[in-house]
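**Q** Data: input.txt, compact mmCIF, C-alpha atoms.
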```txt
# COMPACT_ATOMS: atom_id res chain seq x y z
CA MET A 18 -15.92 -12.70 13.24
CA THR A 19 -16.27 -8.92 13.05
CA LYS A 20 -16.48 -6.74 16.14
CA GLY A 21 -19.76 -5.24 17.36
CA TRP A 22 -19.97 -1.77 18.85
CA ASP A 23 -19.76 -3.08 22.43
CA GLU A 24 -16.48 -4.84 21.67
CA ILE A 25 -15.12 -1.86 19.74
CA GLU A 26 -15.89 0.52 22.62
CA SER A 27 -14.03 -1.75 25.03
CA HIS A 28 -10.76 -0.68 23.36
CA ALA A 29 -8.91 2.28 24.87
CA GLY A 30 -9.98 5.55 23.26
CA PHE A 31 -13.11 4.14 21.60
CA ALA A 32 -15.60 4.74 24.43
CA GLY A 33 -18.72 6.43 23.04
CA ALA A 34 -17.70 5.74 19.43
CA GLN A 35 -21.18 4.66 18.35
CA ALA A 36 -22.83 7.78 19.73
CA ARG A 37 -20.19 10.01 18.11
CA SER A 38 -20.71 8.28 14.78
CA GLU A 39 -24.42 9.11 14.91
CA ALA A 40 -23.96 12.68 16.10
CA GLU A 41 -20.80 13.72 14.19
CA LEU A 42 -19.92 11.30 11.41
CA ARG A 43 -23.23 10.61 9.69
CA PRO A 44 -23.95 14.34 9.07
CA LEU A 45 -20.56 14.65 7.36
CA LEU A 46 -21.04 11.52 5.28
CA ASP A 47 -24.48 12.73 4.19
CA LYS A 48 -22.59 15.35 2.16
CA VAL A 49 -21.05 12.64 -0.05
CA LYS A 50 -22.50 12.62 -3.54
CA VAL A 51 -23.51 9.07 -4.43
CA ASP A 52 -23.55 7.90 -8.05
CA SER A 53 -26.81 5.94 -8.12
CA ILE A 54 -27.06 5.48 -11.91
CA ASP A 55 -24.24 2.97 -12.40
CA PRO A 56 -21.85 2.34 -9.50
CA ALA A 57 -19.09 1.13 -11.86
CA ARG A 58 -19.70 3.69 -14.61
CA GLN A 59 -16.49 5.64 -14.16
CA THR A 60 -14.30 2.57 -13.99
CA LYS A 61 -15.93 1.11 -17.11
CA ILE A 62 -15.39 4.32 -19.07
CA ILE A 63 -11.69 4.54 -18.22
CA SER A 64 -11.06 0.84 -18.71
CA ARG A 65 -12.79 0.84 -22.11
CA ALA A 66 -10.89 3.91 -23.34
CA MET A 67 -7.50 2.57 -22.26
CA THR A 68 -8.21 -0.87 -23.73
CA MET A 69 -9.17 0.65 -27.08
CA ALA A 70 -6.02 2.78 -27.08
CA PHE A 71 -3.87 -0.26 -26.31
CA PHE A 72 -5.39 -2.32 -29.12
CA ALA A 73 -5.08 0.60 -31.54
CA PHE A 74 -1.41 0.88 -30.65
CA GLY A 75 -0.91 -2.87 -31.09
CA GLY A 76 -2.76 -2.91 -34.43
CA THR A 77 -0.77 0.00 -35.80
CA PHE A 78 2.53 -1.51 -34.77
CA PHE A 79 1.56 -4.91 -36.20
CA ALA A 80 0.57 -3.31 -39.53
CA LEU A 81 3.89 -1.47 -39.77
CA GLU A 82 5.74 -4.68 -38.90
CA LEU A 83 3.80 -6.54 -41.60
CA PHE A 84 4.05 -4.11 -44.49
CA LEU A 85 7.38 -2.34 -44.04
CA PRO A 86 10.48 -4.20 -45.26
CA ASN A 87 12.90 -5.65 -42.76
CA GLY A 88 16.31 -4.11 -42.48
CA ALA A 89 18.42 -1.67 -40.56
CA VAL A 90 16.12 1.25 -41.33
CA TRP A 91 13.05 -0.55 -39.95
CA GLU A 92 14.96 -1.72 -36.89
CA PHE A 93 15.88 1.89 -36.16
CA MET A 94 12.33 3.09 -36.81
CA ARG A 95 10.92 0.37 -34.57
CA PHE A 96 13.13 1.55 -31.72
CA LEU A 97 11.88 5.12 -32.17
CA LEU A 98 8.24 4.42 -32.95
CA PHE A 99 7.44 2.03 -30.09
CA PRO A 100 7.44 4.62 -27.26
CA VAL A 101 6.18 7.43 -29.50
CA LEU A 102 3.13 5.49 -30.71
CA PHE A 103 2.33 4.16 -27.25
CA ILE A 104 2.39 7.61 -25.66
CA ALA A 105 0.47 9.10 -28.60
CA TYR A 106 -2.40 6.64 -28.31
CA MET A 107 -2.56 7.02 -24.53
CA ALA A 108 -2.64 10.80 -24.98
CA ILE A 109 -5.48 10.53 -27.51
CA ALA A 110 -7.46 8.28 -25.15
CA LEU A 111 -6.99 10.71 -22.26
CA PHE A 112 -8.02 13.62 -24.47
CA LEU A 113 -11.19 11.90 -25.69
CA MET A 114 -12.24 10.92 -22.18
CA ARG A 115 -11.18 14.18 -20.54
CA GLY A 116 -14.77 15.07 -19.60
CA GLN A 117 -15.47 11.76 -17.85
CA LEU A 118 -12.01 11.80 -16.28
CA ALA A 119 -12.56 15.31 -14.95
CA LYS A 120 -15.87 14.25 -13.39
CA LEU A 121 -14.24 11.22 -11.78
CA VAL A 122 -11.33 13.20 -10.37
CA VAL A 123 -13.47 16.05 -9.05
CA GLU A 124 -15.91 13.69 -7.32
CA ALA A 125 -13.12 11.49 -5.94
CA GLN A 126 -11.27 14.53 -4.57
CA ALA A 127 -14.40 15.66 -2.76
CA ARG A 128 -14.90 12.18 -1.32
CA VAL A 129 -11.27 11.97 -0.19
CA GLY A 130 -11.69 15.29 1.59
CA ILE A 131 -14.83 14.19 3.42
CA LYS A 132 -13.29 10.82 4.30
CA GLY A 133 -10.24 12.58 5.71
CA GLU A 134 -12.43 14.83 7.87
CA VAL A 135 -14.41 11.86 9.16
CA MET A 136 -11.32 9.75 9.84
CA ASN A 137 -9.70 12.57 11.80
CA ARG A 138 -12.87 12.81 13.92
CA ILE A 139 -12.48 9.08 14.64
CA THR A 140 -8.76 9.28 15.46
CA ALA A 141 -8.83 12.52 17.51
CA PRO A 142 -9.66 10.79 20.85
CA LEU A 143 -6.86 8.31 20.16
CA GLY A 144 -4.08 10.87 19.73
CA VAL A 145 -3.51 9.54 16.19
CA ARG A 146 -3.22 11.51 12.94
CA TYR A 147 -4.83 10.26 9.72
CA VAL A 148 -3.04 10.70 6.36
CA PRO A 149 -5.22 9.95 3.29
CA ALA A 150 -2.36 9.42 0.82
CA PRO A 151 0.95 8.42 2.49
CA GLY A 152 3.84 9.38 0.25
CA GLY A 153 1.64 11.59 -1.93
CA ALA A 154 0.74 10.92 -5.55
CA PRO A 155 2.08 7.74 -7.22
CA LYS A 156 5.16 8.44 -9.32
CA GLY A 157 3.41 7.16 -12.45
CA LEU A 158 0.61 9.72 -12.05
CA GLU A 159 3.12 12.48 -11.33
CA TRP A 160 5.02 11.65 -14.54
CA LEU A 161 1.79 11.58 -16.54
CA ALA A 162 0.62 14.88 -15.07
CA LYS A 163 3.87 16.60 -16.09
CA GLN A 164 3.44 15.76 -19.79
CA SER A 165 2.44 18.72 -21.94
CA TRP A 166 -0.34 16.73 -23.60
CA ALA A 167 -1.90 15.52 -20.32
CA PRO A 168 -5.28 17.03 -19.35
CA ALA A 169 -5.08 19.72 -16.66
CA ILE A 170 -7.32 17.60 -14.46
CA LEU A 171 -4.50 15.07 -14.04
CA ARG A 172 -2.23 17.82 -12.73
CA ASP A 173 -4.98 18.77 -10.31
CA ALA A 174 -5.32 15.14 -9.22
CA ALA A 175 -1.57 14.78 -8.59
CA ALA A 176 -1.48 18.08 -6.70
CA SER A 177 -4.47 17.01 -4.60
CA LEU A 178 -2.87 13.69 -3.66
CA ASN A 179 0.41 15.41 -2.78
CA ALA A 180 -1.51 17.86 -0.59
CA ALA A 181 -3.17 14.90 1.17
CA GLY A 182 0.19 13.17 1.55
CA GLY A 183 2.73 12.91 4.32
CA MET A 184 4.51 10.10 6.14
CA ASP A 185 7.26 10.17 3.49
CA GLY A 186 9.77 8.81 5.99
CA ALA A 187 7.61 5.80 6.88
CA VAL A 188 6.92 5.02 3.21
CA ALA A 189 10.66 5.18 2.47
CA ILE A 190 11.43 2.83 5.38
CA VAL A 191 8.91 0.27 4.10
CA ARG A 192 10.19 0.64 0.53
CA ASP A 193 13.79 0.06 1.64
CA SER A 194 12.75 -3.02 3.62
CA GLY A 195 11.68 -4.74 0.38
CA LEU A 196 8.15 -5.41 1.59
CA LEU A 197 6.65 -3.40 -1.29
CA LEU A 198 8.35 -5.65 -3.86
CA GLU A 199 5.88 -8.52 -3.61
CA GLY A 200 5.28 -9.93 -7.09
CA TYR A 201 8.49 -8.49 -8.58
CA SER A 202 11.37 -10.74 -9.57
CA TYR A 203 14.76 -9.99 -8.13
CA ILE A 204 17.13 -8.39 -10.65
CA SER A 205 20.89 -8.40 -10.90
CA GLY A 206 22.97 -5.29 -11.44
CA THR A 207 24.94 -2.65 -9.61
CA PRO A 208 23.74 -1.36 -6.24
CA GLU A 209 22.64 1.85 -7.99
CA GLN A 210 20.61 -0.11 -10.58
CA LYS A 211 18.99 -2.24 -7.87
CA ALA A 212 18.12 0.86 -5.84
CA LYS A 213 16.58 2.52 -8.90
CA PHE A 214 14.53 -0.59 -9.73
CA ASN A 215 13.33 -0.86 -6.14
CA GLU A 216 12.28 2.79 -6.08
CA GLN A 217 10.47 2.54 -9.42
CA ALA A 218 8.69 -0.73 -8.59
CA SER A 219 7.70 0.44 -5.11
CA SER A 220 6.46 3.79 -6.41
CA MET A 221 3.87 1.97 -8.53
CA ARG A 222 2.15 0.62 -5.44
CA HIS A 223 -1.22 1.96 -4.39
CA VAL A 224 -0.68 3.26 -0.86
CA GLU A 225 -3.56 4.63 1.22
CA ASP A 226 -4.98 5.17 4.71
CA GLY A 227 -2.00 6.18 6.82
CA PHE A 228 -1.94 6.64 10.59
CA GLU A 229 0.81 7.85 12.91
CA GLY A 230 1.04 8.69 16.56
CA THR A 231 2.09 7.16 19.88
CA ARG A 232 0.76 4.30 22.01
CA GLY A 233 1.92 4.35 25.59
CA GLY A 234 4.86 6.52 24.52
CA LEU A 235 5.78 4.18 21.64
CA ALA A 236 5.89 6.01 18.29
CA PHE A 237 4.44 4.18 15.29
CA SER A 238 3.45 4.68 11.68
CA MET A 239 1.17 2.40 9.67
CA PHE A 240 -0.61 2.36 6.33
CA GLU A 241 -2.17 -0.02 3.84
CA TRP A 242 -0.84 -0.89 0.39
CA ILE A 243 -2.67 -2.86 -2.25
CA GLU A 244 -1.16 -5.75 -4.19
CA SER A 245 -2.96 -6.38 -7.48
CA VAL A 246 -3.12 -10.05 -8.43
CA GLU A 247 -4.06 -11.13 -11.93
CA ASP A 248 -7.33 -13.12 -12.09
CA ALA A 249 -7.64 -13.06 -8.29
CA PRO A 250 -8.85 -10.68 -5.56
CA ASN A 251 -6.52 -7.88 -4.50
CA ILE A 252 -4.38 -8.46 -1.42
CA TYR A 253 -4.38 -5.69 1.18
CA HIS A 254 -1.23 -5.28 3.27
CA LEU A 255 -1.25 -3.47 6.60
CA VAL A 256 2.32 -2.37 7.39
CA ILE A 257 3.44 -1.10 10.78
CA VAL A 258 6.76 0.72 11.38
CA LEU A 259 8.37 0.84 14.83
CA ALA A 260 11.81 1.79 16.09
CA ALA A 261 14.07 -1.20 16.76
CA PRO A 262 14.96 -2.00 20.39
CA LEU A 263 18.69 -2.16 19.60
CA ARG A 264 21.18 -0.76 17.10
CA LEU A 265 21.03 -2.86 13.92
CA HIS A 266 23.94 -3.47 11.58
CA GLY A 267 22.46 -6.25 9.43
CA VAL A 268 19.16 -7.46 8.03
CA THR A 269 16.81 -9.93 9.72
CA GLN A 270 13.66 -11.30 8.06
CA LEU A 271 10.78 -13.21 9.64
CA ARG A 272 7.85 -14.89 7.89
CA ALA A 273 4.98 -17.18 8.74
CA ARG A 274 5.47 -20.68 7.34
CA LYS A 275 2.60 -20.34 4.86
CA TYR A 276 3.95 -17.06 3.43
CA VAL A 277 6.81 -16.00 1.12
CA TRP A 278 10.04 -14.26 2.08
CA PRO A 279 10.35 -10.49 1.63
CA GLN A 280 12.67 -9.50 -1.21
CA ASP A 281 15.74 -7.67 0.03
CA PRO A 282 16.32 -4.87 -2.54
CA ASN A 283 20.08 -4.91 -1.90
CA GLY A 284 20.51 -8.66 -2.33
CA THR A 285 22.04 -9.04 1.14
CA PRO A 286 23.23 -12.63 1.75
CA LEU A 287 20.90 -14.14 4.36
CA GLU A 288 21.19 -17.43 6.22
CA ASP A 289 18.53 -19.42 8.10
CA VAL A 290 18.54 -18.92 11.86
CA ASP A 291 17.57 -21.82 14.12
CA LEU A 292 16.37 -20.41 17.43
CA GLY A 293 15.61 -23.79 18.96
CA PRO A 294 12.02 -23.79 20.25
CA LYS A 295 9.89 -26.20 18.20
CA ALA A 296 6.75 -24.16 18.83
CA PHE A 297 8.38 -21.19 17.07
CA ASP A 298 9.73 -23.32 14.22
CA ALA A 299 6.28 -24.80 13.61
CA LEU A 300 4.90 -21.33 12.83
CA TYR A 301 7.75 -19.16 11.57
CA ARG A 302 10.95 -19.04 9.58
CA LEU A 303 13.80 -16.65 10.39
CA ARG A 304 16.87 -15.66 8.36
CA ALA A 305 19.48 -12.96 8.81
CA SER A 306 22.79 -11.54 7.66
CA ASP A 307 24.03 -11.48 11.26
CA GLN A 308 23.19 -14.53 13.38
CA VAL A 309 24.25 -12.88 16.65
CA GLU A 310 22.11 -9.82 15.99
CA ALA A 311 19.11 -11.98 15.05
CA ARG A 312 19.39 -13.97 18.28
CA ALA A 313 19.68 -10.77 20.33
CA LEU A 314 16.57 -9.41 18.64
CA PHE A 315 14.62 -12.67 18.98
CA ASN A 316 15.47 -13.52 22.56
CA PRO A 317 13.39 -16.14 24.45
CA ALA A 318 10.88 -13.60 25.76
CA VAL A 319 10.31 -12.21 22.26
CA ILE A 320 9.91 -15.71 20.81
CA GLU A 321 7.22 -16.56 23.35
CA ARG A 322 5.24 -13.42 22.52
CA ILE A 323 5.66 -13.76 18.74
CA ILE A 324 4.19 -17.27 18.85
CA ALA A 325 1.00 -15.77 20.27
CA LEU A 326 0.76 -13.39 17.27
CA ALA A 327 0.58 -16.11 14.60
CA HIS A 328 -3.15 -16.83 14.41
CA GLY A 329 -2.49 -18.72 11.16
CA GLY A 330 -2.19 -15.48 9.16
CA LYS A 331 0.17 -14.18 6.48
CA PHE A 332 2.71 -12.29 8.54
CA ARG A 333 6.20 -11.01 7.71
CA ALA A 334 8.70 -8.67 9.31
CA VAL A 335 12.01 -7.03 8.46
CA ALA A 336 14.52 -5.58 10.93
CA ARG A 337 16.81 -3.14 9.17
CA GLN A 338 18.45 0.24 9.74
CA GLN A 339 17.09 0.92 13.20
CA HIS A 340 13.51 -0.01 12.33
CA LEU A 341 11.15 -2.96 12.59
CA VAL A 342 8.64 -3.23 9.75
CA PHE A 343 5.69 -5.64 9.96
CA ASP A 344 3.38 -6.73 7.16
CA PHE A 345 -0.05 -8.35 7.68
CA ALA A 346 -1.80 -9.45 4.46
CA ASN A 347 -5.37 -10.52 3.75
CA GLU A 348 -8.17 -9.95 1.23
CA ALA A 349 -10.13 -7.49 3.38
CA ASN A 350 -9.93 -3.82 2.44
CA ARG A 351 -9.40 -2.11 5.80
CA PHE A 352 -10.69 1.41 6.56
CA HIS A 353 -13.08 1.26 3.55
CA LEU A 354 -15.34 3.96 4.93
CA ILE A 355 -16.40 5.39 1.55
CA ASP A 356 -16.19 3.94 -1.95
CA LEU A 357 -14.25 6.74 -3.64
CA ILE A 358 -15.57 5.75 -7.09
CA THR A 359 -19.26 5.45 -6.26
CA GLY A 360 -19.53 7.47 -3.04
CA GLU A 361 -21.37 4.64 -1.31
CA TRP A 362 -21.17 4.28 2.48
CA SER A 363 -23.35 2.76 5.19
CA ASP A 364 -23.71 2.21 8.91
CA GLU A 365 -21.83 -1.04 8.35
CA THR A 366 -18.81 0.70 6.77
CA ILE A 367 -18.71 3.15 9.69
CA ARG A 368 -18.73 0.33 12.23
CA GLN A 369 -16.23 -1.77 10.27
CA THR A 370 -13.82 1.15 9.92
CA HIS A 371 -13.87 1.60 13.71
CA ALA A 372 -13.28 -2.15 14.11
CA ASP A 373 -10.39 -2.10 11.61
CA LEU A 374 -8.71 0.76 13.46
CA ALA A 375 -9.21 -0.85 16.87
CA GLU A 376 -7.66 -4.10 15.61
CA ALA A 377 -4.74 -2.30 13.93
CA LEU A 378 -3.90 -0.33 17.08
CA ALA A 379 -4.16 -3.52 19.13
CA LEU A 380 -1.51 -4.99 16.79
CA VAL A 381 0.75 -2.00 17.45
CA ASP A 382 0.38 -2.60 21.19
CA ALA A 383 1.02 -6.35 20.82
CA LEU A 384 4.13 -5.83 18.69
CA GLY A 385 5.53 -3.23 21.08
CA HIS A 386 4.99 -5.65 23.96
CA ALA A 387 6.40 -8.63 22.05
CA PHE A 388 9.67 -6.89 21.20
CA MET A 389 9.90 -5.13 24.57
CA LEU A 390 10.32 -1.77 22.89
CA ALA A 391 11.24 1.16 25.10
CA ARG A 392 8.34 3.48 25.75
CA LYS A 393 9.73 6.97 26.05
CA SER A 394 7.40 9.91 26.09
CA GLY A 395 8.07 12.45 23.36
CA THR A 396 9.44 9.87 20.91
CA SER A 397 8.56 10.93 17.36
CA ALA A 398 7.10 8.63 14.72
CA PRO A 399 9.41 7.22 12.03
```
As structure tokens - that is how I would like this structure written.
**A**
Amino acid sequence: MTKGWDEIESHAGFAGAQARSEAELRPLLDKVKVDSIDPARQTKIISRAMTMAFFAFGGTFFALELFLPNGAVWEFMRFLLFPVLFIAYMAIALFLMRGQLAKLVVEAQARVGIKGEVMNRITAPLGVRYVPAPGGAPKGLEWLAKQSWAPAILRDAAASLNAAGGMDGAVAIVRDSGLLLEGYSYISGTPEQKAKFNEQASSMRHVEDGFEGTRGGLAFSMFEWIESVEDAPNIYHLVIVLAAPLRLHGVTQLRARKYVWPQDPNGTPLEDVDLGPKAFDALYRLRASDQVEARALFNPAVIERIIALAHGGKFRAVARQQHLVFDFANEANRFHLIDLITGEWSDETIRQTHADLAEALALVDALGHAFMLARKSGTSAP
């Protein structure tokens, strides 16, 4: 059940939120240009162009495979032609759709700017800073923008996302925890190879809507990342980063029974930890590289408070390198104030964005209380 305005305004810092939304937020959102002709037009154009380029690449490669004789020469040519043809067809598709792409990027940039202004109006009374694009532009877009054949508009898009970025430290902490590796198979190799794979796989994630600040003196960072699932709705992960209550030397992982384990990017050997209470075991699983450290972290008081956080949801956590990282997953797109593709927004999206933020900050408070984290004024965010 979603929160109404009365319930939202009962949260600390949200008093008068409905009146402020009418007086301050709606005039800003009225500046958003809405695409009323075809809400999915831009997405259809890009998808169609990329699909055609992919099939053209596949057809060309199949024809060469069919008509050219097998042998050492063809094997060598195949090795060279595969990346060259793929990049060439993608470049042609981007060139042909450069006008539509430019329109999409320009309009999306304007909408991101307005959303950022509105979100900072919402977070100002809370002492929280909003970051539209945590970590900046995705590495894939940055690579594409650097190519000599890429349209200039892609370079503008990458530069815009980097300008709207920040929270690099928090993104790196979450990446190193392995929580961004959902859907990727674990690979073998040297520590350097594993680290490179983790960085590359994590950099492909769509990260958005970052927040950082303090709650009762407790520093926190949080953002949402999107897990794309084939033939199924996207999964939206809210991650929260807090400082650990004690010095950590190992890795401890927690998950709800109905969820999967996080993937440790370093392949650290982990063993199940039996804490004893049946109420905890009925809801959670715990494993760690250091049993003593795990038991110190999950002492009886912490266990009691963690049980209250379950609510039957998909919940995971990783304790590693002086930080606690929590991951809450569901199919609801939090903080969806404006559709960046269509420009659509409504009174409902304004209210729901306030509700999403109130619930997320309540989670920060609950986690800080559950792990009995020290609240020291002046503590900086991760």
**Q** What does the distance between atom CA of A:Val290 and atom CA of A:Gln308 come to in Å, to one decimal place?
**A**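 A separation of 6.6 Å between them.
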**Q** Pick the closest to A:Gln126 from A:Asp248, A:Ala299, A:Asp356, A:Ala379: which is it, counting all atoms listed in the file?
**A**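 Nearest candidate to A:Gln126 out of A:Asp248, A:Ala299, A:Asp356, A:Ala379: A:Asp356.
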**Q** Looking at A:Val335, A:Ala80, A:Ala34, A:Ile324, which one is nearest to A:Gly21, with distances taken over only C-alpha atoms?
**A** A:Ala34
**Q** One decimal, in Å: what's the spacing between atom CA of A:Ser363 and atom CA of A:Glu39?
**A** 11.7 Å
**Q** Between atom CA of A:Thr370 and atom CA of A:His353, what is the spacing in Å?
**A**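 Going from atom CA of A:His353 over to atom CA of A:Thr370 covers 6.4 Å.
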**Q** Compile the contact shell of A:Ala318 as a list in words: residues with an atom at most 10 Å away, counting all atoms listed in the file, same-chain residues fewer than 5 positions apart removed.
**A** Ile323, Ala387, Phe388 and Met389 of chain A
**Q** What are the closest atom pairs, with distances in Å to one decimal, for all residues of stretch 230-258 of chain A lying within 10 Å of stretch 134-143 of chain A? Consider all atoms listed in the file, order rows by chain and residue number, and present the result as JSON lines.
**A**
```
{"residue": "A:Gly230", "atom": "CA", "partner": "A:Leu143", "partner_atom": "CA", "distance": 8.7}
{"residue": "A:Thr231", "atom": "CA", "partner": "A:Leu143", "partner_atom": "CA", "distance": 9.0}
{"residue": "A:Arg232", "atom": "CA", "partner": "A:Leu143", "partner_atom": "CA", "distance": 8.8}
```
**Q** Any chance you can output those residues with C-alpha atoms as a CSV table (one decimal), in the coordinates of the input?
**A**
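Just written: selection00.csv:
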```csv
chain,number,residue,atom,x,y,z
A,230,GLY,CA,1.0,8.7,16.6
A,231,THR,CA,2.1,7.2,19.9
A,232,ARG,CA,0.8,4.3,22.0
```
**Q** Using all atoms listed in the file, pick whichever of A:Ala154, A:Thr366, A:His386, A:Gln164 has the shortest atom-to-atom distance to A:Val224.
**A**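 Looking only at the distances to A:Val224, the closest residue turns out to be A:Ala154.
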**Q** When you look at stretch 312-314 of chain A with a cut-off of 10 Å (counting all atoms listed in the file), what residues show up, excluding the ones that are within fewer than 3 positions of it in the same chain? I need them as an mmCIF file with C-alpha atoms, keeping the file's coordinate frame.
**A**
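Output file selection16.cif follows:
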```cif
data_model
loop_
_atom_site.group_PDB
_atom_site.id
_atom_site.type_symbol
_atom_site.label_atom_id
_atom_site.label_comp_id
_atom_site.auth_asym_id
_atom_site.auth_seq_id
_atom_site.Cartn_x
_atom_site.Cartn_y
_atom_site.Cartn_z
ATOM 1 C CA ALA A 261 14.070 -1.200 16.760
ATOM 2 C CA PRO A 262 14.960 -2.000 20.390
ATOM 3 C CA LEU A 263 18.690 -2.160 19.600
ATOM 4 C CA ARG A 264 21.180 -0.760 17.100
ATOM 5 C CA LEU A 265 21.030 -2.860 13.920
ATOM 6 C CA THR A 269 16.810 -9.930 9.720
ATOM 7 C CA VAL A 290 18.540 -18.920 11.860
ATOM 8 C CA ASP A 291 17.570 -21.820 14.120
ATOM 9 C CA LEU A 292 16.370 -20.410 17.430
ATOM 10 C CA ALA A 305 19.480 -12.960 8.810
ATOM 11 C CA ASP A 307 24.030 -11.480 11.260
ATOM 12 C CA GLN A 308 23.190 -14.530 13.380
ATOM 13 C CA VAL A 309 24.250 -12.880 16.650
ATOM 14 C CA PRO A 317 13.390 -16.140 24.450
ATOM 15 C CA VAL A 319 10.310 -12.210 22.260
ATOM 16 C CA ILE A 320 9.910 -15.710 20.810
ATOM 17 C CA ALA A 336 14.520 -5.580 10.930
ATOM 18 C CA PHE A 388 9.670 -6.890 21.200
ATOM 19 C CA MET A 389 9.900 -5.130 24.570
#
```
